[in-house]
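query-v6.pdb follows; it contains PDB, C-alpha atoms.
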ATOM      1  CA  MET A   1      65.060  17.759  69.918
ATOM      2  CA  LYS A   2      62.371  19.764  71.719
ATOM      3  CA  LYS A   3      64.451  22.935  71.333
ATOM      4  CA  THR A   4      64.837  22.256  67.610
ATOM      5  CA  VAL A   5      61.087  21.763  67.125
ATOM      6  CA  LEU A   6      60.333  24.878  69.174
ATOM      7  CA  THR A   7      62.807  26.891  67.093
ATOM      8  CA  MET A   8      61.195  25.695  63.864
ATOM      9  CA  ILE A   9      57.737  26.603  65.157
ATOM     10  CA  CYS A  10      58.918  30.081  66.146
ATOM     11  CA  VAL A  11      60.533  30.653  62.743
ATOM     12  CA  SER A  12      57.435  29.402  60.957
ATOM     13  CA  LEU A  13      55.218  31.633  63.088
ATOM     14  CA  ALA A  14      57.405  34.653  62.423
ATOM     15  CA  MET A  15      57.213  34.002  58.685
ATOM     16  CA  THR A  16      53.420  33.694  58.916
ATOM     17  CA  ILE A  17      53.018  36.914  60.871
ATOM     18  CA  SER A  18      55.330  38.794  58.492
ATOM     19  CA  ALA A  19      53.082  41.368  56.887
ATOM     20  CA  GLN A  20      55.070  42.512  53.888
ATOM     21  CA  ASN A  21      57.001  40.977  51.051
ATOM     22  CA  ALA A  22      60.705  40.417  51.279
ATOM     23  CA  LYS A  23      62.784  42.419  48.844
ATOM     24  CA  GLY A  24      62.142  41.159  45.312
ATOM     25  CA  GLN A  25      59.113  39.060  46.282
ATOM     26  CA  PHE A  26      55.618  39.206  44.749
ATOM     27  CA  SER A  27      52.302  38.529  46.453
ATOM     28  CA  ILE A  28      48.634  38.652  45.500
ATOM     29  CA  LYS A  29      45.875  39.735  47.863
ATOM     30  CA  PRO A  30      42.181  39.098  47.099
ATOM     31  CA  MET A  31      39.913  41.434  49.079
ATOM     32  CA  ALA A  32      36.274  42.368  49.573
ATOM     33  CA  GLY A  33      34.340  44.835  51.672
ATOM     34  CA  MET A  34      32.050  47.863  51.817
ATOM     35  CA  ASN A  35      32.048  51.392  50.387
ATOM     36  CA  LEU A  36      30.522  54.550  51.799
ATOM     37  CA  SER A  37      30.415  56.934  48.856
ATOM     38  CA  TYR A  38      29.050  60.364  48.004
ATOM     39  CA  TYR A  39      29.815  63.308  45.707
ATOM     40  CA  GLY A  40      31.806  66.339  46.695
ATOM     41  CA  SER A  41      30.223  69.390  45.070
ATOM     42  CA  PRO A  42      30.881  73.107  45.662
ATOM     43  CA  THR A  43      27.625  73.913  43.822
ATOM     44  CA  TYR A  44      24.856  71.832  45.420
ATOM     45  CA  ASP A  45      24.510  70.501  48.967
ATOM     46  CA  VAL A  46      22.167  67.627  48.062
ATOM     47  CA  TYR A  47      24.491  64.595  47.955
ATOM     48  CA  LYS A  48      24.362  62.130  50.863
ATOM     49  CA  ASN A  49      26.227  58.938  51.753
ATOM     50  CA  LYS A  50      25.388  55.668  49.997
ATOM     51  CA  PHE A  51      26.570  52.131  50.819
ATOM     52  CA  GLY A  52      27.951  49.747  48.192
ATOM     53  CA  MET A  53      30.154  46.680  47.729
ATOM     54  CA  ILE A  54      33.787  46.518  46.659
ATOM     55  CA  GLY A  55      35.892  43.503  45.696
ATOM     56  CA  GLY A  56      38.906  42.441  43.680
ATOM     57  CA  ALA A  57      42.611  41.815  44.141
ATOM     58  CA  GLU A  58      45.974  43.548  44.140
ATOM     59  CA  VAL A  59      49.503  42.380  43.335
ATOM     60  CA  GLU A  60      52.400  43.745  45.386
ATOM     61  CA  TYR A  61      56.145  43.778  44.808
ATOM     62  CA  GLY A  62      58.581  44.146  47.697
ATOM     63  CA  VAL A  63      60.996  46.978  46.906
ATOM     64  CA  SER A  64      62.640  46.727  50.336
ATOM     65  CA  SER A  65      61.838  45.481  53.826
ATOM     66  CA  ILE A  66      59.692  48.567  54.474
ATOM     67  CA  LEU A  67      58.495  49.533  51.008
ATOM     68  CA  GLY A  68      56.154  47.863  48.530
ATOM     69  CA  ILE A  69      54.517  48.829  45.218
ATOM     70  CA  SER A  70      51.082  47.420  44.406
ATOM     71  CA  ALA A  71      48.599  47.498  41.524
ATOM     72  CA  GLY A  72      44.988  46.420  41.888
ATOM     73  CA  MET A  73      41.782  45.757  39.992
ATOM     74  CA  LEU A  74      38.647  46.408  42.057
ATOM     75  CA  TYR A  75      34.953  46.364  41.177
ATOM     76  CA  SER A  76      33.374  49.198  43.147
ATOM     77  CA  GLN A  77      29.723  50.178  43.639
ATOM     78  CA  GLN A  78      29.627  53.934  44.219
ATOM     79  CA  GLY A  79      27.306  56.888  43.753
ATOM     80  CA  ALA A  80      25.241  58.893  46.222
ATOM     81  CA  LYS A  81      21.806  59.499  47.622
ATOM     82  CA  VAL A  82      20.271  62.781  46.492
ATOM     83  CA  GLU A  83      18.109  64.594  49.044
ATOM     84  CA  GLY A  84      17.406  68.304  49.029
ATOM     85  CA  SER A  85      15.979  71.171  47.030
ATOM     86  CA  LEU A  86      17.015  73.850  44.573
ATOM     87  CA  SER A  87      15.441  77.310  44.846
ATOM     88  CA  LEU A  88      14.991  80.124  42.319
ATOM     89  CA  PHE A  89      13.561  83.661  42.574
ATOM     90  CA  GLY A  90      12.358  85.283  39.361
ATOM     91  CA  GLU A  91       9.457  86.777  37.404
ATOM     92  CA  ASP A  92       6.899  85.261  35.065
ATOM     93  CA  GLU A  93       5.824  86.645  31.671
ATOM     94  CA  ASN A  94       3.516  89.155  33.378
ATOM     95  CA  GLY A  95       6.239  90.544  35.606
ATOM     96  CA  GLU A  96       4.818  88.889  38.734
ATOM     97  CA  LYS A  97       7.371  87.709  41.273
ATOM     98  CA  VAL A  98       7.710  83.920  41.385
ATOM     99  CA  TYR A  99       9.502  81.683  43.864
ATOM    100  CA  SER A 100      10.193  78.199  42.518
ATOM    101  CA  GLU A 101      11.581  75.217  44.393
ATOM    102  CA  THR A 102      12.439  71.765  43.061
ATOM    103  CA  VAL A 103      12.455  69.025  45.710
ATOM    104  CA  MET A 104      14.535  65.948  44.910
ATOM    105  CA  LYS A 105      14.879  62.541  46.514
ATOM    106  CA  GLY A 106      16.578  59.540  44.944
ATOM    107  CA  LYS A 107      19.872  57.865  44.103
ATOM    108  CA  LEU A 108      22.612  57.976  41.518
ATOM    109  CA  LYS A 109      24.094  54.485  41.311
ATOM    110  CA  THR A 110      27.434  53.968  39.602
ATOM    111  CA  SER A 111      29.893  51.106  39.378
ATOM    112  CA  TYR A 112      33.548  51.259  38.332
ATOM    113  CA  LEU A 113      36.487  49.047  37.595
ATOM    114  CA  ASN A 114      39.148  50.864  39.593
ATOM    115  CA  VAL A 115      42.884  50.423  39.057
ATOM    116  CA  PRO A 116      44.835  51.810  42.043
ATOM    117  CA  ILE A 117      48.638  52.088  41.886
ATOM    118  CA  MET A 118      49.860  52.341  45.465
ATOM    119  CA  VAL A 119      53.057  52.896  47.437
ATOM    120  CA  ASN A 120      52.907  50.910  50.692
ATOM    121  CA  VAL A 121      55.149  52.039  53.549
ATOM    122  CA  TYR A 122      55.493  49.510  56.392
ATOM    123  CA  ILE A 123      56.169  50.760  59.911
ATOM    124  CA  PRO A 124      58.961  48.713  61.572
ATOM    125  CA  ALA A 125      57.914  49.772  65.078
ATOM    126  CA  VAL A 126      54.411  48.266  64.637
ATOM    127  CA  LYS A 127      54.576  44.900  62.904
ATOM    128  CA  GLY A 128      51.863  44.604  60.263
ATOM    129  CA  LEU A 129      51.011  48.302  60.036
ATOM    130  CA  SER A 130      51.383  50.168  56.760
ATOM    131  CA  PHE A 131      50.366  53.473  55.218
ATOM    132  CA  ARG A 132      49.288  53.625  51.580
ATOM    133  CA  ALA A 133      48.998  56.367  48.971
ATOM    134  CA  GLY A 134      48.976  56.545  45.201
ATOM    135  CA  LEU A 135      46.922  57.261  42.078
ATOM    136  CA  GLN A 136      43.785  55.581  40.773
ATOM    137  CA  MET A 137      42.094  55.261  37.408
ATOM    138  CA  GLY A 138      38.404  54.364  37.290
ATOM    139  CA  PHE A 139      36.527  52.964  34.288
ATOM    140  CA  LEU A 140      32.745  53.350  34.426
ATOM    141  CA  VAL A 141      30.790  50.091  34.078
ATOM    142  CA  ASN A 142      27.277  51.515  34.437
ATOM    143  CA  ASP A 143      25.367  54.431  35.919
ATOM    144  CA  LYS A 144      21.707  55.214  36.544
ATOM    145  CA  MET A 145      19.869  58.028  38.294
ATOM    146  CA  THR A 146      16.412  57.355  39.753
ATOM    147  CA  MET A 147      14.737  60.412  41.234
ATOM    148  CA  LEU A 148      11.410  61.583  42.645
ATOM    149  CA  MET A 149      11.113  65.279  41.798
ATOM    150  CA  GLY A 150       8.483  67.779  42.898
ATOM    151  CA  ASN A 151       8.031  71.398  41.790
ATOM    152  CA  TYR A 152       6.619  74.025  44.142
ATOM    153  CA  THR A 153       5.882  77.645  43.288
ATOM    154  CA  ALA A 154       4.643  80.704  45.165
ATOM    155  CA  ARG A 155       3.530  83.928  43.442
ATOM    156  CA  GLY A 156       2.979  87.566  44.274
ATOM    157  CA  PHE A 157       5.165  87.768  47.388
ATOM    158  CA  LEU A 158       7.331  90.578  48.668
ATOM    159  CA  GLU A 159      11.080  90.073  48.943
ATOM    160  CA  GLY A 160      11.830  88.255  52.179
ATOM    161  CA  ASP A 161      12.909  85.088  53.847
ATOM    162  CA  VAL A 162      12.314  81.857  51.901
ATOM    163  CA  THR A 163      10.496  80.267  54.859
ATOM    164  CA  GLU A 164       8.031  83.182  54.845
ATOM    165  CA  VAL A 165       7.390  82.566  51.165
ATOM    166  CA  MET A 166       6.759  78.857  51.688
ATOM    167  CA  PHE A 167       4.415  79.100  54.676
ATOM    168  CA  ALA A 168       2.621  82.471  54.421
ATOM    169  CA  GLU A 169      -1.078  81.662  53.928
ATOM    170  CA  SER A 170      -1.753  84.893  52.074
ATOM    171  CA  ILE A 171       0.499  83.903  49.179
ATOM    172  CA  PRO A 172      -1.119  81.882  46.355
ATOM    173  CA  GLN A 173       0.675  78.532  46.242
ATOM    174  CA  ASP A 174       0.690  75.759  43.678
ATOM    175  CA  THR A 175       0.344  72.147  44.836
ATOM    176  CA  PRO A 176       3.647  70.256  44.406
ATOM    177  CA  SER A 177       3.628  67.921  41.426
ATOM    178  CA  PHE A 178       5.914  64.887  41.898
ATOM    179  CA  ILE A 179       7.190  62.825  38.998
ATOM    180  CA  GLN A 180       9.415  59.752  38.737
ATOM    181  CA  TYR A 181      12.598  60.565  36.843
ATOM    182  CA  THR A 182      15.041  57.944  35.577
ATOM    183  CA  GLN A 183      18.083  58.591  33.396
ATOM    184  CA  PRO A 184      21.095  56.395  32.566
ATOM    185  CA  ASN A 185      24.388  57.412  30.988
ATOM    186  CA  ILE A 186      24.942  60.738  32.766
ATOM    187  CA  CYS A 187      28.528  60.172  34.018
ATOM    188  CA  HIS A 188      31.856  60.399  32.245
ATOM    189  CA  SER A 189      33.392  57.020  31.429
ATOM    190  CA  PHE A 190      36.757  57.786  33.087
ATOM    191  CA  ASP A 191      37.585  58.865  36.619
ATOM    192  CA  PHE A 192      40.952  59.790  38.113
ATOM    193  CA  GLY A 193      41.994  60.621  41.649
ATOM    194  CA  ILE A 194      44.075  60.021  44.756
ATOM    195  CA  PRO A 195      43.567  57.049  47.094
ATOM    196  CA  VAL A 196      45.119  56.976  50.573
ATOM    197  CA  GLY A 197      44.758  54.462  53.374
ATOM    198  CA  ILE A 198      46.041  52.437  56.261
ATOM    199  CA  SER A 199      46.359  48.665  56.589
ATOM    200  CA  TYR A 200      47.028  46.235  59.403
ATOM    201  CA  GLU A 201      47.994  42.641  58.673
ATOM    202  CA  LEU A 202      48.233  39.586  60.934
ATOM    203  CA  PHE A 203      48.658  35.942  59.849
ATOM    204  CA  ASN A 204      48.369  37.162  56.234
ATOM    205  CA  ILE A 205      44.872  38.567  56.923
ATOM    206  CA  SER A 206      44.693  42.320  56.377
ATOM    207  CA  LEU A 207      42.190  44.952  57.407
ATOM    208  CA  ASN A 208      42.332  47.904  55.022
ATOM    209  CA  VAL A 209      40.718  51.314  55.420
ATOM    210  CA  GLY A 210      40.969  53.674  52.458
ATOM    211  CA  TYR A 211      39.690  57.032  51.262
ATOM    212  CA  TYR A 212      39.436  58.071  47.619
ATOM    213  CA  MET A 213      39.285  61.676  46.447
ATOM    214  CA  GLY A 214      38.321  62.011  42.797
ATOM    215  CA  LEU A 215      39.887  64.853  40.830
ATOM    216  CA  THR A 216      37.755  64.669  37.671
ATOM    217  CA  LYS A 217      34.163  65.873  37.236
ATOM    218  CA  ILE A 218      31.708  63.034  36.749
ATOM    219  CA  ASP A 219      28.660  64.863  35.350
ATOM    220  CA  LYS A 220      28.372  64.984  31.554
ATOM    221  CA  THR A 221      24.802  66.322  31.243
ATOM    222  CA  GLU A 222      23.912  69.552  29.391
ATOM    223  CA  ASP A 223      24.055  71.559  32.625
ATOM    224  CA  PRO A 224      26.875  69.727  34.459
ATOM    225  CA  ASP A 225      27.472  69.856  38.172
ATOM    226  CA  ASN A 226      31.010  70.054  39.586
ATOM    227  CA  ALA A 227      30.532  66.850  41.591
ATOM    228  CA  ARG A 228      33.512  64.535  42.102
ATOM    229  CA  ASN A 229      33.702  61.029  43.533
ATOM    230  CA  ARG A 230      34.373  60.635  47.257
ATOM    231  CA  CYS A 231      34.569  57.162  48.769
ATOM    232  CA  LEU A 232      35.477  55.594  52.128
ATOM    233  CA  SER A 233      36.142  51.839  51.929
ATOM    234  CA  VAL A 234      36.767  49.061  54.448
ATOM    235  CA  THR A 235      38.001  45.694  53.142
ATOM    236  CA  LEU A 236      39.376  42.382  54.377
ATOM    237  CA  GLY A 237      42.091  40.643  52.343
ATOM    238  CA  TYR A 238      44.374  37.614  52.454
ATOM    239  CA  ARG A 239      47.955  37.675  51.170
ATOM    240  CA  PHE A 240      49.303  34.786  49.088
ATOM    241  CA  LYS A 241      53.065  35.014  48.557
ATOM    242  CA  LEU A 242      54.226  33.968  45.094
TER     243      LEU A 242
END

I need this file expressed as structure tokens, please.
Amino acid sequence: MKKTVLTMICVSLAMTISAQNAKGQFSIKPMAGMNLSYYGSPTYDVYKNKFGMIGGAEVEYGVSSILGISAGMLYSQQGAKVEGSLSLFGEDENGEKVYSETVMKGKLKTSYLNVPIMVNVYIPAVKGLSFRAGLQMGFLVNDKMTMLMGNYTARGFLEGDVTEVMFAESIPQDTPSFIQYTQPNICHSFDFGIPVGISYELFNISLNVGYYMGLTKIDKTEDPDNARNRCLSVTLGYRFKL
């Protein structure tokens, strides 16, 4: 009798620890966690990391003992901090040399409904470990840029290093004028890219680490940047087998 009970406990435990669906089985996994997002731009080096929340659920189908296909719906707070400056050398209407610098500090906040379609490959040698890759569509929910911007100019300088222009006392300098700048609706409504990740699952609880690389440009302003979404996410989920 004791052996029978022990056998049943072991079988039940093995089924609980099992991290993937059996062939032909469906499961649903609610999840929530944190994002660390920014924008990848070859044009401007002003985008910094920003934290946000992510949450939703995914449904997975077991193709085989080591392969699953999943589709999710996730609400994701993304965007980036903006810290830096843009510089320009030129001439005014009188032909005098002018150095102009715009200093920026603020945030671009965005939120998306993301739909990732993933292939999940389970590693038999490490129970509960899987690698994930796929494609993702993102639908913009809202966006808003809030920025503090200051303009600085220096006139009548000789060609030289920018730091010399900014700090040489002999050069007439204008006092920076900072303004609060707020603008909504500056991002495209659709985003598309490649998500990859790794997941470890034990007792139906999974720890998921993912990275998303957007392929589409997000800026739809008159003078658009080439920025694309970049996002590192960490989530906890729980699998319910259907």

Seminar exercise, completed: With distances taken over only C-alpha atoms, the candidate from A:Met31, A:Val141, A:Leu86, A:Val103 nearest Asn208 (chain A) is A:Met31

For this session: Could you expand the PyMOL selection byres ((chain A and resi 214) around 6) into the explicit residues it covers here, written as a PyMOL selection string?
Result: chain A and resi 192-193+213+215-216+228-229

Determine the axis-aligned bounding box of all atoms of region 58-76 of chain A present in the file, pad each side by 8 Å, and express its centre and edge lengths in Å to one decimal place as lines of an AutoDock Vina configuration file.
center_x = 48.0
center_y = 46.0
center_z = 47.2
size_x = 45.3
size_y = 23.2
size_z = 30.5

For this session: Mind giving me the straight-line distance from CA of Gln183 (chain A) to CA of Asp225 (chain A) in Å, one decimal?
Result: 15.4 Å

Problem set entry | Selection result of the PyMOL selection byres ((chain A and resi 110) around 7) on this file, as an NGL selection string | :A and (77-79 or 108-109 or 111-112 or 142-144)

Problem set entry | Shortest interatomic distance to Asn35 (chain A) - which of A:Met104, A:Ile117, A:Met53, A:Leu202, counting only C-alpha atoms | A:Met53
